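> One structure, as structure tokens, below. Some questions next.
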Amino acid sequence: MRFVSNLPCATTEEDHVTVPVSDGTRLSARIWRPTASDEEPVPAVLEYIPYRKGDLTAVRDSIHHPYIAGHGYACVRVDLRGTGESEGFLEDEYLEQEQADAEDILAWLADQPWCDGNTGMMGLSWGAFAALQVAARQPESLRAIVIASFTDDRYADDMHYMGGQLLSDNLAEAGTMFAYATCPPDPAVVGGRWHEMWRERLEHTEPWALNWLRHQRRDAYWRHASVCEDYSSVRCPVLASSGWADGYSNAVTRLLAGLDVPRKGLIGPWSHKFPHLGEPGPAIGYLQEVVRWWDHWLKGADNGVMDGPMLSAWMQDSVPPSTSYETRPGRWVGEPDWPSPHIRSVARPLFRHRIGADGEECGDRECKVLTVQSPLSVGQFAGKWASYNAPPDLPYDQREEDGGSLVFDSDRLTDRVEILGSPTVELDLSVSEPVAMVAARLSDVAPDGRATRVTYGVLNLAHHETIGEPEPLEPGRRYRATVQLNGVAQAFPPGHRIRLSLSTSYWPLAWPPPRPAMLSVHEGSSTLTLPVRPTTEPDRLPPRPFGEPEGARPLTVTQLTPPEERWDVKRDLVGYSSELEIVKDRGLARLEDTGMEVGRRAYERYATVADDFTSATGETLWTMRFRRGDWDVRVVTHQKLRCSEKEFHVDATLDGYENDRRVFSRTWNETLPRDCL
């Protein structure tokens, strides 16, 4: 990344400004704005997240907010109530209170003497959720939003459930927020009130996994703040981006298809990161694109920002399987509209070990019934639902996974095939249990046999009619079910094969059903449909190539203890236990501008014994540490999720420490029923 210090506007920075909201709570903001805005007001851009502007996101914030401010904007970074130095406590994600607070913040910004009354919102992940959800509430001053790595459907396409199946990331993200929601404010900012504020957070927090497991159907809890319920509620322009390695690769195209406002979509090869920090690369000059977007929609500049394709996507070339890539080879392609009239849906029937030709039928020969009952080991090389590229967390060679799956291969390709969009698998099936799942994986198989997973989808078959409204299946009865795979842009070269793999487990990415099930698939009447982008189609590139990534120079950080990253798959062939252990330890680091020392360590463990589906166990352990001088505070959170055939069991602890002395402790032991899950 190129760090830029010579920006068009000189700026000033305020580290802690309190913003009052309607109920009297005061939220903490950090503001960067042009010095001249005292006399010449400018538009304001809000980023609104719970991840502690004073320390945990301080380095990232220092790269992009001063950069945007230096181009003539007041950039305002606010911590949600109950996080950082904001008052109150944080009980859950995307609550009505959170969005009402955001509206109050925008009204406050528009009323400041240095703001010209026009506002925008931007963010990654939670910040993007917040911007999209607030846009749907149509606050008066909001003119446009810029969002990255998000969803418009909180139930069907988030880290909680996929195709009605519980994801392990539901537990992982609950562990993250259990830790973040219980961290103390900085006494150097809030003074002696820090202990009272911290105590309030500790006493009002419970494991977030409990609430998410209380809502196993698509009920009002999930419909709230799911913009897909009413796309017409969004009336401001939207610049939306994501990455193919992210868990949020689908929402960009859904917004392009569903919204009726000026909109642009951008999908690169990246994991869960901003495009200017994108890994795998290539990263792009995203902040330049953001500034152009704001210049047009907040300042009225006639800069051609809406020229070129509606969707720009990175068409990925074939690569060998790896858990991490520094860069993904490929090229940018563009589509003027979405859905694109240039992409053909090509349906291919499934036969024993073979993907048939377009339009091929069984004919006079007998169509067979193919069966599979997968071991729990299928899924150990699946990687994370959403890759963060640290530790290496992408799927590895799929050949071992394929050993427990139904596998269908195309003939060797004679020509290059490119797909752009979401493949689907329609299955003519029956199962042996009332609750069962199917995972569908699409792989690029090289001539030497190595199989690189391209995309995948998971479906709880009890949700085969309507996602979120399950009904138990009748064992042996014949059903039709459609599995939607995640969107992708992928090229398959000549000499390679396209492989579809079907399994009845995908642990630990997806929580296993109550009992192992036999899946029967009727060949010929089951199909794989690919969104084929003909190679004869022009690339339709944007009018300007993306620039080199650039931003403001980041804050200085001194690493005091080394970080650690591990992703270990273990198998005990005596006791038949298997487990995946993940360690993400940032070490202890000091922010030199404030002297704050920060440590974060996350541990995850997922284990099973043999093929006992009720032996599945997930566990998270987080340690957060904050230290300056003789002030030394730690928060330790632990969650464990177990199951029987009919219930989930959640055990959790929360401990707070001052100078190694435990000053708070609470334990939870909860049982929740399984609902067709």
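By order of appearance in the structure tokens: chains A, B, ..., then residues from 1 within every chain, and ligands from 1 in the order shown.
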Show me, as a list in words, the residues that have an atom within 6 Å of range 572-587 of chain A when counting only C-alpha atoms, minus same-chain residues fewer than 6 positions from it.
Thr561, Pro562, Pro563, Glu564, Glu565, Arg566, Gly599, Arg600, Arg601, Ala602, Tyr603, Glu604, Arg605, Tyr606, Ala607, Thr608, Val609 and Ala610 of chain A
> Within 10 Å of Val378 in chain A, counting only C-alpha atoms, which residues show up once you throw out same-chain ones fewer than 4 positions away? Write them as a list in words, please.
Ser374, Ala382, Gln398, Glu400, Glu401, Asp402, Gly403, Gly404, Ser405, Ala439, Ser503, Thr504, Ser505, Tyr506, Trp507, Pro508 and Leu509 of chain A
> Export, as a short mmCIF file (atom, residue, chain, number, x, y, z; two decimals), in the first residue's frame, the selected residues with N, CA, C and O atoms.

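Saved the output as result_26.cif:
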```cif
data_model
loop_
_atom_site.label_atom_id
_atom_site.label_comp_id
_atom_site.auth_asym_id
_atom_site.auth_seq_id
_atom_site.Cartn_x
_atom_site.Cartn_y
_atom_site.Cartn_z
N SER A 374 -22.50 -39.93 4.76
CA SER A 374 -21.13 -39.44 4.93
C SER A 374 -20.64 -39.58 6.36
O SER A 374 -21.41 -39.39 7.31
N ALA A 382 -12.72 -27.96 5.09
CA ALA A 382 -13.64 -27.00 4.48
C ALA A 382 -13.20 -25.56 4.68
O ALA A 382 -13.66 -24.67 3.96
N GLN A 398 -9.69 -31.21 -1.94
CA GLN A 398 -10.99 -31.82 -1.64
C GLN A 398 -11.02 -33.34 -1.86
O GLN A 398 -12.05 -33.97 -1.62
N GLU A 400 -9.76 -35.86 -0.17
CA GLU A 400 -10.08 -36.61 1.03
C GLU A 400 -11.54 -36.43 1.41
O GLU A 400 -12.20 -37.36 1.86
N GLU A 401 -12.07 -35.20 1.24
CA GLU A 401 -13.50 -34.95 1.49
C GLU A 401 -14.36 -35.78 0.53
O GLU A 401 -15.43 -36.29 0.90
N ASP A 402 -13.90 -35.92 -0.70
CA ASP A 402 -14.69 -36.62 -1.71
C ASP A 402 -14.83 -38.11 -1.42
O ASP A 402 -15.74 -38.77 -1.94
N GLY A 403 -13.94 -38.65 -0.58
CA GLY A 403 -14.02 -40.06 -0.26
C GLY A 403 -15.29 -40.43 0.49
O GLY A 403 -15.72 -41.59 0.44
N GLY A 404 -15.91 -39.48 1.16
CA GLY A 404 -17.16 -39.73 1.87
C GLY A 404 -18.34 -39.07 1.22
O GLY A 404 -19.34 -38.79 1.90
N SER A 405 -18.26 -38.83 -0.08
CA SER A 405 -19.30 -38.07 -0.79
C SER A 405 -19.72 -38.79 -2.07
O SER A 405 -19.00 -39.67 -2.58
N ALA A 439 -24.67 -31.15 1.79
CA ALA A 439 -23.70 -30.13 1.40
C ALA A 439 -23.29 -30.41 -0.04
O ALA A 439 -22.99 -31.56 -0.39
N SER A 503 -22.54 -34.48 0.12
CA SER A 503 -22.31 -35.19 1.37
C SER A 503 -23.44 -34.90 2.34
O SER A 503 -24.13 -33.87 2.23
N THR A 504 -23.61 -35.78 3.32
CA THR A 504 -24.67 -35.61 4.32
C THR A 504 -24.13 -35.07 5.63
O THR A 504 -24.85 -35.01 6.63
N SER A 505 -22.88 -34.68 5.65
CA SER A 505 -22.30 -33.93 6.77
C SER A 505 -21.26 -32.98 6.21
O SER A 505 -20.74 -33.18 5.11
N TYR A 506 -20.99 -31.92 6.95
CA TYR A 506 -19.95 -30.97 6.55
C TYR A 506 -19.41 -30.30 7.82
O TYR A 506 -19.42 -29.10 7.96
N TRP A 507 -18.99 -31.14 8.73
CA TRP A 507 -18.52 -30.72 10.04
C TRP A 507 -17.03 -30.40 10.00
O TRP A 507 -16.28 -31.13 9.35
N PRO A 508 -16.58 -29.30 10.65
CA PRO A 508 -17.33 -28.45 11.57
C PRO A 508 -17.89 -27.16 10.97
O PRO A 508 -18.39 -26.33 11.72
N LEU A 509 -17.82 -26.99 9.67
CA LEU A 509 -18.39 -25.76 9.12
C LEU A 509 -19.88 -25.67 9.45
O LEU A 509 -20.38 -24.61 9.82
#
```
> Tell me, as a list in words, which residues lie within 8 Å of Ser644 in chain A, counting only C-alpha atoms; anything in the same chain fewer than 6 positions away does not count.
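After dropping sequence-adjacent residues, the list is Pro514, Thr614 and Ser615 of chain A.
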> With N, CA and C atoms kept, could you save the residues just selected as an mmCIF file, in the first residue's frame?

```cif
data_model
loop_
_atom_site.group_PDB
_atom_site.id
_atom_site.type_symbol
_atom_site.label_atom_id
_atom_site.label_comp_id
_atom_site.auth_asym_id
_atom_site.auth_seq_id
_atom_site.Cartn_x
_atom_site.Cartn_y
_atom_site.Cartn_z
ATOM 1 N N PRO A 514 -29.217 -34.436 13.974
ATOM 2 C CA PRO A 514 -29.270 -35.269 15.183
ATOM 3 C C PRO A 514 -28.746 -36.684 14.984
ATOM 4 N N THR A 614 -24.126 -36.905 17.955
ATOM 5 C CA THR A 614 -24.407 -36.170 19.194
ATOM 6 C C THR A 614 -23.141 -35.895 19.999
ATOM 7 N N SER A 615 -21.990 -36.335 19.502
ATOM 8 C CA SER A 615 -20.727 -36.025 20.187
ATOM 9 C C SER A 615 -20.144 -34.688 19.750
#
```
> Give me the residues near range 200-211 of chain A as a ChimeraX atom specification, where near means some atom within 9 Å (using only C-alpha atoms) and where sequence neighbours in that chain fewer than 5 positions away do not count.
/A:82-83,88-93,170-175,177-178,181-184,195,637,639,641,650,652-656,664-666,668,670,672
> Between CA of Leu46 in chain A and CA of Met121 in chain A, measure the distance and give it in Å to one decimal.
4.7 Å
> Applying 10 Å and only C-alpha atoms, which residues near Gln165 in chain A remain after dropping the ones on its own chain fewer than 3 positions away? List them as a PyMOL selection string.
chain A and resi 156+160-162+168+216+436-438+458-463+467-468+510-513+676-677
> Considering only C-alpha atoms, return as a ChimeraX atom specification whatever protein or nucleic-acid residues lie within 8 Å of Val483 in chain A, sequence-local ones (same chain, fewer than 6 positions apart) excluded.
/A:163,424-427,440,457-459
> Can you write out the residues you just picked, keeping C-alpha atoms, as a CSV table (one decimal), in the first residue's frame?

```csv
chain,number,residue,atom,x,y,z
A,163,GLY,CA,-29.9,-23.1,4.2
A,424,THR,CA,-27.6,-24.5,-8.1
A,425,VAL,CA,-28.1,-28.2,-7.6
A,426,GLU,CA,-31.7,-29.6,-7.9
A,427,LEU,CA,-32.0,-33.0,-6.3
A,440,ALA,CA,-22.9,-29.5,-2.3
A,457,GLY,CA,-23.8,-24.6,-0.4
A,458,VAL,CA,-25.5,-26.3,2.5
A,459,LEU,CA,-29.2,-27.2,2.9
```
